[in-house]
>>> print(open('query.csv').read())   # CSV, C-alpha atoms and all ligand atoms
chain,number,residue,atom,x,y,z
A,1,MET,CA,0.0,0.0,0.0
A,2,GLY,CA,2.8,2.4,1.0
A,3,ARG,CA,4.7,1.6,-2.2
A,4,ALA,CA,1.6,2.1,-4.4
A,5,VAL,CA,1.0,5.5,-2.8
A,6,ALA,CA,4.7,6.4,-3.3
A,7,ARG,CA,4.4,5.5,-6.9
A,8,LEU,CA,1.5,7.9,-7.3
A,9,ASP,CA,3.7,10.7,-6.0
A,10,ARG,CA,6.3,10.8,-8.8
A,11,PRO,CA,9.1,13.1,-7.6
A,12,GLY,CA,9.4,15.4,-10.6
A,13,PRO,CA,10.8,17.9,-11.4
A,14,HIS,CA,7.3,19.2,-12.3
A,15,GLY,CA,8.3,22.8,-13.2
A,16,SER,CA,7.0,26.1,-12.0
A,17,ALA,CA,3.5,27.4,-11.6
A,18,ALA,CA,4.7,30.8,-12.9
A,19,GLU,CA,5.0,29.2,-16.3
A,20,VAL,CA,1.2,28.9,-16.5
A,21,THR,CA,-0.5,32.0,-17.9
A,22,THR,CA,-3.9,30.9,-19.0
A,23,MET,CA,-6.9,29.1,-17.4
A,24,PRO,CA,-6.9,26.1,-19.8
A,25,ALA,CA,-3.2,25.7,-19.3
A,26,ALA,CA,-3.8,25.8,-15.5
A,27,LEU,CA,-6.4,23.1,-15.7
A,28,ARG,CA,-4.2,20.9,-17.9
A,29,ARG,CA,-1.3,21.4,-15.5
A,30,PHE,CA,-3.4,20.7,-12.4
A,31,LEU,CA,-4.8,17.5,-13.9
A,32,GLY,CA,-1.5,16.4,-15.4
A,33,HIS,CA,0.4,16.7,-12.2
A,34,PRO,CA,0.5,13.3,-10.3
A,35,ARG,CA,-1.0,14.7,-7.0
A,36,PRO,CA,-4.3,16.5,-7.7
A,37,PRO,CA,-5.9,13.5,-9.5
A,38,VAL,CA,-5.4,11.5,-6.4
A,39,LEU,CA,-7.3,14.1,-4.4
A,40,LEU,CA,-10.0,14.1,-7.1
A,41,GLY,CA,-10.3,10.4,-6.9
A,42,ALA,CA,-10.4,10.5,-3.1
A,43,VAL,CA,-13.3,13.0,-3.1
A,44,GLY,CA,-15.1,11.0,-5.7
A,45,ALA,CA,-14.8,7.8,-3.7
A,46,VAL,CA,-16.1,9.4,-0.5
A,47,ALA,CA,-19.0,11.0,-2.5
A,48,ALA,CA,-19.9,7.7,-4.2
A,49,VAL,CA,-20.0,5.9,-0.8
A,50,ARG,CA,-22.2,8.6,0.6
A,51,ALA,CA,-24.5,8.4,-2.4
A,52,LEU,CA,-25.0,4.7,-1.7
A,53,ARG,CA,-26.4,5.6,1.7
A,54,GLY,CA,-29.5,7.3,0.3
A,55,PRO,CA,-30.7,10.5,-1.3
A,56,ILE,CA,-29.7,14.0,-0.2
A,57,ARG,CA,-32.2,15.3,2.3
A,58,ARG,CA,-32.9,18.6,4.0
A,59,ARG,CA,-30.6,17.6,6.9
A,60,ASP,CA,-27.7,17.2,4.4
A,61,ALA,CA,-28.4,20.6,2.9
A,62,VAL,CA,-28.2,22.2,6.4
A,63,THR,CA,-25.1,20.2,7.1
A,64,ALA,CA,-23.5,21.4,3.9
A,65,ALA,CA,-24.4,25.0,4.7
A,66,VAL,CA,-22.7,24.7,8.1
A,67,CYS,CA,-19.6,23.2,6.5
A,68,LEU,CA,-19.5,26.1,4.0
A,69,GLY,CA,-19.6,28.5,6.9
A,70,ALA,CA,-16.9,26.6,8.8
A,71,GLN,CA,-14.6,26.1,5.8
A,72,PRO,CA,-12.6,29.4,6.2
A,73,PHE,CA,-12.0,28.7,9.9
A,74,VAL,CA,-11.0,25.1,9.3
A,75,GLU,CA,-8.6,26.2,6.6
A,76,TRP,CA,-7.2,28.9,8.8
A,77,TRP,CA,-6.6,26.5,11.7
A,78,VAL,CA,-5.1,23.8,9.4
A,79,HIS,CA,-2.8,26.3,7.8
A,80,ARG,CA,-1.6,27.8,11.1
A,81,GLY,CA,-1.7,24.7,13.4
A,82,LEU,CA,-0.7,22.0,11.0
A,83,LEU,CA,1.0,23.4,7.9
A,84,HIS,CA,3.1,25.8,10.0
A,85,ALA,CA,3.8,23.3,12.8
A,86,ARG,CA,7.4,23.2,13.8
A,87,PRO,CA,9.4,20.5,15.6
A,88,GLY,CA,9.4,20.9,19.3
A,89,GLY,CA,7.0,19.3,21.7
A,90,ARG,CA,5.1,16.1,20.8
A,91,LEU,CA,2.2,17.7,18.9
A,92,GLY,CA,4.5,20.1,17.0
A,93,SER,CA,6.8,17.2,15.9
A,94,ILE,CA,3.8,15.2,14.7
A,95,GLY,CA,2.3,18.1,12.8
A,96,TYR,CA,5.7,18.9,11.3
A,97,GLN,CA,6.1,15.3,10.0
A,98,LEU,CA,2.6,15.2,8.7
A,99,ALA,CA,2.5,18.5,6.9
A,100,GLY,CA,4.8,21.1,8.3
A,101,HIS,CA,7.9,19.9,6.5
A,102,GLY,CA,6.2,19.8,3.1
A,103,HIS,CA,4.7,23.3,3.6
A,104,GLU,CA,8.1,24.6,4.7
A,105,GLN,CA,9.5,23.5,1.4
A,106,HIS,CA,6.7,25.3,-0.4
A,107,HIS,CA,7.5,28.5,1.5
A,108,ARG,CA,11.2,28.2,0.4
A,109,ASP,CA,10.2,28.1,-3.3
A,110,PRO,CA,6.6,29.2,-3.6
A,111,THR,CA,6.1,28.5,-7.3
A,112,ASN,CA,7.8,25.1,-7.4
A,113,LEU,CA,5.2,22.5,-8.4
A,114,ASP,CA,7.2,19.7,-6.8
A,115,THR,CA,6.0,20.9,-3.4
A,116,MET,CA,2.7,22.7,-4.3
A,117,PHE,CA,-0.1,20.2,-3.8
A,118,LEU,CA,-1.5,18.0,-1.0
A,119,ARG,CA,0.5,14.8,-0.9
A,120,PRO,CA,-1.1,11.4,-1.9
A,121,ARG,CA,0.1,9.9,1.4
A,122,GLU,CA,-2.1,12.2,3.5
A,123,VAL,CA,-4.9,12.3,0.9
A,124,THR,CA,-5.3,8.6,0.8
A,125,ALA,CA,-5.2,8.4,4.6
A,126,GLY,CA,-7.9,11.0,4.7
A,127,ALA,CA,-9.9,9.3,2.0
A,128,ALA,CA,-9.8,6.0,3.9
A,129,ALA,CA,-11.2,7.8,7.0
A,130,GLY,CA,-13.8,9.6,4.9
A,131,VAL,CA,-14.9,6.4,3.2
A,132,ALA,CA,-15.2,4.7,6.6
A,133,VAL,CA,-17.3,7.5,8.0
A,134,ALA,CA,-19.5,7.7,4.8
A,135,ALA,CA,-20.1,3.9,5.0
A,136,LEU,CA,-20.6,3.4,8.7
A,137,ALA,CA,-21.7,6.6,10.4
A,138,PRO,CA,-25.1,8.3,9.9
A,139,PRO,CA,-25.5,9.7,6.4
A,140,ALA,CA,-25.2,13.3,7.5
A,141,ALA,CA,-21.7,12.5,8.8
A,142,GLY,CA,-20.9,11.2,5.3
A,143,THR,CA,-22.0,14.5,3.9
A,144,VAL,CA,-19.5,16.2,6.3
A,145,ALA,CA,-16.8,13.9,4.9
A,146,VAL,CA,-17.7,14.9,1.3
A,147,CYS,CA,-17.7,18.6,2.3
A,148,PHE,CA,-14.3,18.2,3.9
A,149,GLY,CA,-13.0,16.7,0.7
A,150,LEU,CA,-14.5,19.4,-1.5
A,151,GLY,CA,-12.9,22.0,0.8
A,152,ALA,CA,-9.5,20.4,0.3
A,153,LEU,CA,-10.0,20.4,-3.4
A,154,ALA,CA,-11.0,24.0,-3.4
A,155,TYR,CA,-7.9,24.8,-1.4
A,156,ASP,CA,-5.6,22.9,-3.7
A,157,TRP,CA,-6.9,24.4,-6.9
A,158,THR,CA,-7.1,28.0,-5.5
A,159,HIS,CA,-3.7,27.8,-4.0
A,160,PHE,CA,-2.2,26.6,-7.3
A,161,LEU,CA,-4.0,29.3,-9.2
A,162,ILE,CA,-2.7,32.0,-6.9
A,163,HIS,CA,0.9,30.9,-7.7
A,164,THR,CA,0.4,30.7,-11.5
A,165,GLY,CA,1.3,33.6,-13.8
A,166,ILE,CA,-2.4,34.3,-14.4
A,167,ARG,CA,-3.2,37.9,-13.6
A,168,PRO,CA,-5.9,38.1,-10.9
A,169,SER,CA,-9.3,39.4,-11.9
A,170,GLY,CA,-12.5,39.9,-9.9
A,171,ARG,CA,-12.6,41.6,-6.5
A,172,TYR,CA,-12.9,38.5,-4.4
A,173,TYR,CA,-10.1,36.6,-6.1
A,174,ARG,CA,-7.9,39.6,-6.1
A,175,ARG,CA,-8.3,39.8,-2.4
A,176,VAL,CA,-7.3,36.2,-1.6
A,177,TRP,CA,-4.5,36.4,-4.2
A,178,HIS,CA,-3.1,39.5,-2.5
A,179,GLY,CA,-3.5,37.9,0.9
A,180,HIS,CA,-1.6,34.8,0.0
A,181,ARG,CA,1.2,36.7,-1.7
A,182,LEU,CA,1.6,38.7,1.5
A,183,HIS,CA,1.6,35.4,3.5
A,184,HIS,CA,4.6,34.3,1.4
A,185,TYR,CA,6.5,37.6,0.8
A,186,ARG,CA,5.7,39.6,3.9
A,187,ASN,CA,5.1,37.4,6.9
A,188,GLU,CA,3.8,33.8,7.1
A,189,ARG,CA,2.1,34.3,10.5
A,190,TYR,CA,-0.6,36.4,8.8
A,191,TRP,CA,-3.0,36.0,5.9
A,192,LEU,CA,-3.7,32.3,6.5
A,193,GLY,CA,-6.9,32.0,4.4
A,194,VAL,CA,-6.5,30.8,0.9
A,195,THR,CA,-10.0,30.3,-0.4
A,196,SER,CA,-11.5,33.0,1.8
A,197,PRO,CA,-10.3,36.0,3.8
A,198,ILE,CA,-13.1,35.8,6.3
A,199,ALA,CA,-11.2,33.9,9.0
A,200,ASP,CA,-8.3,36.3,8.8
A,201,VAL,CA,-10.6,39.3,9.3
A,202,VAL,CA,-12.4,37.6,12.2
A,203,LEU,CA,-9.3,36.3,13.9
A,204,ARG,CA,-7.3,39.5,13.2
A,205,THR,CA,-4.6,38.0,11.0
A,206,SER,CA,-5.2,40.3,8.1
A,207,PRO,CA,-3.3,43.5,9.1
A,208,THR,CA,-2.2,46.3,6.8
A,209,ARG,CA,1.0,45.1,5.1
A,210,ASP,CA,3.3,47.7,6.6
A,211,ASP,CA,2.0,46.9,10.2
A,212,VAL,CA,3.9,43.6,10.4
A,213,PRO,CA,7.6,43.0,10.0
A,214,VAL,CA,9.1,41.1,7.1
A,215,SER,CA,9.9,37.6,8.3
A,216,PRO,CA,13.1,35.8,7.6
A,217,ALA,CA,11.2,33.2,5.6
A,218,ALA,CA,9.6,35.9,3.5
A,219,LEU,CA,13.0,37.4,2.8
A,220,GLY,CA,14.3,34.0,1.7
A,221,ALA,CA,11.3,33.4,-0.6
A,222,SER,CA,11.7,37.0,-2.1
A,223,ALA,CA,15.4,36.4,-2.7
A,224,LEU,CA,14.8,33.1,-4.5
A,225,THR,CA,12.0,34.5,-6.5
A,226,ALA,CA,14.1,37.5,-7.5
A,227,ARG,CA,17.0,35.2,-8.5
A,228,HIS,CA,14.7,33.0,-10.6
A,229,GLY,CA,12.8,36.0,-11.9
A,230,ARG,CA,9.9,33.7,-12.5
A,231,ASP,CA,7.0,34.9,-10.4
A,232,ARG,CA,5.6,36.8,-13.3
A,233,THR,CA,2.4,38.0,-11.7
A,234,ASP,CA,4.1,40.4,-9.4
A,235,ARG,CA,2.5,43.3,-11.2
A,236,PRO,CA,-1.1,42.6,-11.5
A,237,GLY,CA,-3.5,45.1,-13.1
A,238,ARG,CA,-2.2,48.2,-14.9
A,239,PRO,CA,1.6,48.5,-14.5
A,240,GLY,CA,2.6,51.9,-13.3
A,241,ARG,CA,-0.7,52.6,-11.6
A,242,ARG,CA,-1.1,49.6,-9.4
A,243,GLY,CA,2.4,48.2,-9.7
A,244,TRP,CA,3.3,46.4,-6.6
A,245,ASP,CA,6.4,44.3,-6.9
A,246,VAL,CA,6.0,41.1,-4.8
A,247,ARG,CA,9.8,40.7,-5.0
A,248,THR,CA,10.3,44.0,-3.2
A,249,ALA,CA,7.5,43.5,-0.7
A,250,GLY,CA,9.8,41.4,1.4
A,251,ALA,CA,12.5,44.1,1.1
A,252,ALA,CA,10.3,46.9,2.3
A,253,GLY,CA,12.1,48.9,4.9
A,254,THR,CA,15.1,46.6,4.6
A,255,THR,CA,18.6,47.9,3.9
A,256,GLY,CA,22.1,46.6,4.3
A,257,PRO,CA,22.8,42.9,4.8
A,258,GLY,CA,19.1,42.1,4.8
A,259,ARG,CA,18.4,43.6,1.4
A,260,VAL,CA,16.9,41.1,-1.0
A,261,ALA,CA,19.6,39.5,-3.1
A,262,GLY,CA,19.0,40.1,-6.8
A,263,THR,CA,17.0,43.3,-6.4
A,264,ALA,CA,18.2,45.5,-9.1
A,265,PRO,CA,20.1,48.7,-8.0
A,266,GLY,CA,17.8,51.6,-8.2
A,267,LEU,CA,14.7,49.5,-8.2
A,268,ARG,CA,12.1,51.3,-6.2
A,269,THR,CA,10.9,49.5,-3.1
A,270,ALA,CA,7.5,49.6,-1.4
A,271,THR,CA,8.7,52.2,1.0
A,272,THR,CA,10.2,54.6,-1.6
A,273,ASP,CA,7.7,54.2,-4.4
A,274,PRO,CA,4.4,55.8,-3.7
A,275,ARG,CA,2.9,53.7,-6.5
A,276,ALA,CA,4.0,50.6,-4.7
A,277,ARG,CA,1.6,50.8,-1.7
A,278,GLY,CA,0.0,47.6,-2.9
A,279,PRO,CA,-2.2,46.8,-5.9
A,280,TYR,CA,-5.3,46.8,-3.8
A,281,PRO,CA,-6.7,48.7,-0.8
A,282,PRO,CA,-5.0,47.6,2.4
A,283,VAL,CA,-6.6,44.5,3.8
B,301,ZN,ZN,1.4,29.2,-1.3
B,302,ZN,ZN,1.9,28.9,4.7
>>> encode(input="query.csv", output="structure tokens", more="lines below")
Ligand SMILES: [Zn+2]
Ligand SMILES: [Zn+2]
Amino acid sequence: MGRAVARLDRPGPHGSAAEVTTMPAALRRFLGHPRPPVLLGAVGAVAAVRALRGPIRRRDAVTAAVCLGAQPFVEWWVHRGLLHARPGGRLGSIGYQLAGHGHEQHHRDPTNLDTMFLRPREVTAGAAAGVAVAALAPPAAGTVAVCFGLGALAYDWTHFLIHTGIRPSGRYYRRVWHGHRLHHYRNERYWLGVTSPIADVVLRTSPTRDDVPVSPAALGASALTARHGRDRTDRPGRPGRRGWDVRTAGAAGTTGPGRVAGTAPGLRTATTDPRARGPYPPV
């Protein structure tokens, strides 16, 4: 079983999300990568088992609505508590092994598709639990399992899309796009929502960019991105008017040794360029 799962997770290299610049290409890349189809299959399996338990009733609709309301908070907690778990203490070490290490790699090189998606090992374990719940627990619990899977799918797709070279459009998507870019290039302790900014607003992890310090991890990611020069959506919208350089976001207010490697001399930073206050109103 372990070997079969390892075979699903072909090591790569799988390229960079920044190479993707259109929605059809994004869909092809998402489905062509070894990891997302495993998640799609897992969600399909749980949904099929739930369907065998009987028709969707009013109670399932209410359950699904509650799940939808809880999704931003579940995502926030998983991101903060599990994906950013660090070794130290029993719980921290378990979280780090489960998901923290993989997410740490993603923060080191945010557009790298080798470390972008949920891993088959965790997905198949979650699917086994979801199938068991859908088969044995009351049908509404199966509906919760399906909703959980759909939430994971929405997270994986949206997260990938944010890191592609597709320019953000639409107010809602611009907002989550902007928040996740700040999470990577400003400070990973904030802007933890990926599919929704609601939990960040409620739990006060959505400050104005300049109110939080640039973290060492954000500096590292900015430096790598600047070196690769491959995060091509760093100037969404109309250049010049809304130009906000993600690569300099990490360098804002930083001089001397902490200056981002690869930043071109004379390149305006967020603190010196009045146009570079962020492409969107402060979150
Ligand atoms: Zn990310
Ligand atoms: Zn993160």
>>> closest_atom_pairs(input="query.csv", of="segment 109-145 of chain A", to="segment 36-43 of chain A", cutoff="8 Å", atoms="all atoms listed in the file", output="Markdown table")
| residue | atom | partner | partner_atom | distance |
| --- | --- | --- | --- | --- |
| A:Phe117 | CA | A:Pro36 | CA | 6.8 |
| A:Leu118 | CA | A:Pro36 | CA | 7.4 |
| A:Pro120 | CA | A:Val38 | CA | 6.2 |
| A:Val123 | CA | A:Leu39 | CA | 6.1 |
| A:Thr124 | CA | A:Ala42 | CA | 6.7 |
| A:Ala127 | CA | A:Ala42 | CA | 5.3 |
>>> closest_residue(input="query.csv", among="A:Asp200, A:Glu122, A:Asp109, A:Asp9", to="Tyr185 of chain A", atoms="all atoms listed in the file")
A:Asp109
>>> residues_near_ligand(input="query.csv", ligand="ligand ZN 302 (chain B)", cutoff="7 Å", atoms="all atoms listed in the file", output="PyMOL selection string")
chain A and resi 79+83-84+103+107+183-184+188+192
>>> closest_residue(input="query.csv", among="A:Ser222, A:Ala6, A:Pro139, A:Pro110", to="Ala51 of chain A", atoms="only C-alpha atoms")
A:Pro139
>>> residues_near_ligand(input="query.csv", ligand="ligand ZN 301 (chain B)", cutoff="12 Å", atoms="all atoms listed in the file", output="ChimeraX atom specification")
/A:17,79,83-84,102-113,115-118,155-164,176-185,188,191-195,218,221
>>> atom_distance(input="query.csv", atom1="atom CA of Gly54 of chain A", atom2="atom CA of Ala132 of chain A")
15.8 Å
>>> atom_distance(input="query.csv", atom1="atom CA of Ala223 of chain A", atom2="atom CA of Thr21 of chain A")
22.4 Å
>>> closest_residue(input="query.csv", among="A:Trp77, A:Pro34, A:Gly12, A:Leu98", to="Leu203 of chain A", atoms="all atoms listed in the file")
A:Trp77
>>> residues_around(input="query.csv", residues="Ala141 of chain A", least_positions_apart="4", cutoff="10 Å", atoms="only C-alpha atoms", output="PyMOL selection string")
chain A and resi 50+60+63+130+133-137+145-147
>>> atom_distance(input="query.csv", atom1="atom CA of Leu91 of chain A", atom2="atom CA of Arg7 of chain A")
28.6 Å
>>> closest_residue(input="query.csv", among="A:Ile166, A:Ser93, A:Val46, A:Gly81", to="Pro24 of chain A", atoms="all atoms listed in the file")
A:Ile166
>>> build_atoms(input="query.csv", residues="segment 23-54 of chain A", atoms="N, CA and C atoms", output="short mmCIF file (atom, residue, chain, number, x, y, z; two decimals), in the coordinates of the input")
data_model
loop_
_atom_site.label_atom_id
_atom_site.label_comp_id
_atom_site.auth_asym_id
_atom_site.auth_seq_id
_atom_site.Cartn_x
_atom_site.Cartn_y
_atom_site.Cartn_z
N MET A 23 -6.04 30.00 -18.14
CA MET A 23 -6.90 29.10 -17.40
C MET A 23 -6.84 27.64 -17.97
N PRO A 24 -6.99 27.48 -19.31
CA PRO A 24 -6.90 26.10 -19.80
C PRO A 24 -5.59 25.44 -19.52
N ALA A 25 -4.50 26.22 -19.59
CA ALA A 25 -3.20 25.70 -19.30
C ALA A 25 -3.12 25.28 -17.79
N ALA A 26 -3.75 26.10 -16.94
CA ALA A 26 -3.80 25.80 -15.50
C ALA A 26 -4.51 24.50 -15.25
N LEU A 27 -5.63 24.33 -15.90
CA LEU A 27 -6.40 23.10 -15.70
C LEU A 27 -5.64 21.88 -16.19
N ARG A 28 -4.98 22.04 -17.35
CA ARG A 28 -4.20 20.90 -17.90
C ARG A 28 -3.05 20.58 -16.90
N ARG A 29 -2.40 21.60 -16.38
CA ARG A 29 -1.30 21.40 -15.50
C ARG A 29 -1.73 20.75 -14.17
N PHE A 30 -2.88 21.20 -13.69
CA PHE A 30 -3.40 20.70 -12.40
C PHE A 30 -3.77 19.19 -12.59
N LEU A 31 -4.43 18.86 -13.70
CA LEU A 31 -4.80 17.50 -13.90
C LEU A 31 -3.67 16.58 -14.36
N GLY A 32 -2.64 17.21 -14.96
CA GLY A 32 -1.50 16.40 -15.40
C GLY A 32 -0.47 16.16 -14.37
N HIS A 33 -0.53 16.90 -13.27
CA HIS A 33 0.40 16.70 -12.20
C HIS A 33 -0.05 15.40 -11.43
N PRO A 34 0.89 14.60 -10.90
CA PRO A 34 0.50 13.30 -10.30
C PRO A 34 -0.40 13.52 -9.01
N ARG A 35 -0.28 14.63 -8.31
CA ARG A 35 -1.00 14.70 -7.00
C ARG A 35 -2.46 15.09 -7.09
N PRO A 36 -2.88 16.15 -7.78
CA PRO A 36 -4.30 16.50 -7.70
C PRO A 36 -5.28 15.41 -8.16
N PRO A 37 -4.95 14.59 -9.18
CA PRO A 37 -5.90 13.50 -9.50
C PRO A 37 -6.15 12.54 -8.39
N VAL A 38 -5.15 12.36 -7.52
CA VAL A 38 -5.40 11.50 -6.40
C VAL A 38 -6.41 12.09 -5.44
N LEU A 39 -6.34 13.40 -5.27
CA LEU A 39 -7.30 14.10 -4.40
C LEU A 39 -8.71 14.03 -5.08
N LEU A 40 -8.76 14.23 -6.40
CA LEU A 40 -10.00 14.10 -7.10
C LEU A 40 -10.65 12.76 -6.94
N GLY A 41 -9.83 11.74 -7.09
CA GLY A 41 -10.30 10.40 -6.90
C GLY A 41 -10.79 10.10 -5.51
N ALA A 42 -10.06 10.66 -4.55
CA ALA A 42 -10.40 10.50 -3.10
C ALA A 42 -11.78 11.08 -2.84
N VAL A 43 -11.99 12.31 -3.32
CA VAL A 43 -13.30 13.00 -3.10
C VAL A 43 -14.39 12.24 -3.79
N GLY A 44 -14.10 11.78 -5.00
CA GLY A 44 -15.10 11.00 -5.70
C GLY A 44 -15.49 9.72 -5.02
N ALA A 45 -14.49 9.05 -4.42
CA ALA A 45 -14.80 7.80 -3.70
C ALA A 45 -15.64 8.03 -2.49
N VAL A 46 -15.33 9.07 -1.73
CA VAL A 46 -16.10 9.40 -0.50
C VAL A 46 -17.55 9.76 -0.95
N ALA A 47 -17.67 10.57 -2.02
CA ALA A 47 -19.00 11.00 -2.50
C ALA A 47 -19.81 9.79 -2.99
N ALA A 48 -19.14 8.85 -3.65
CA ALA A 48 -19.90 7.70 -4.20
C ALA A 48 -20.39 6.83 -3.02
N VAL A 49 -19.58 6.66 -1.98
CA VAL A 49 -20.00 5.90 -0.80
C VAL A 49 -21.18 6.57 -0.12
N ARG A 50 -21.08 7.88 -0.01
CA ARG A 50 -22.20 8.60 0.60
C ARG A 50 -23.46 8.48 -0.22
N ALA A 51 -23.34 8.53 -1.53
CA ALA A 51 -24.50 8.40 -2.40
C ALA A 51 -25.22 7.08 -2.23
N LEU A 52 -24.44 6.05 -1.95
CA LEU A 52 -25.00 4.70 -1.70
C LEU A 52 -25.85 4.64 -0.47
N ARG A 53 -25.64 5.57 0.43
CA ARG A 53 -26.40 5.60 1.70
C ARG A 53 -27.76 6.16 1.61
N GLY A 54 -28.11 6.71 0.45
CA GLY A 54 -29.50 7.30 0.30
C GLY A 54 -29.43 8.68 -0.28
#
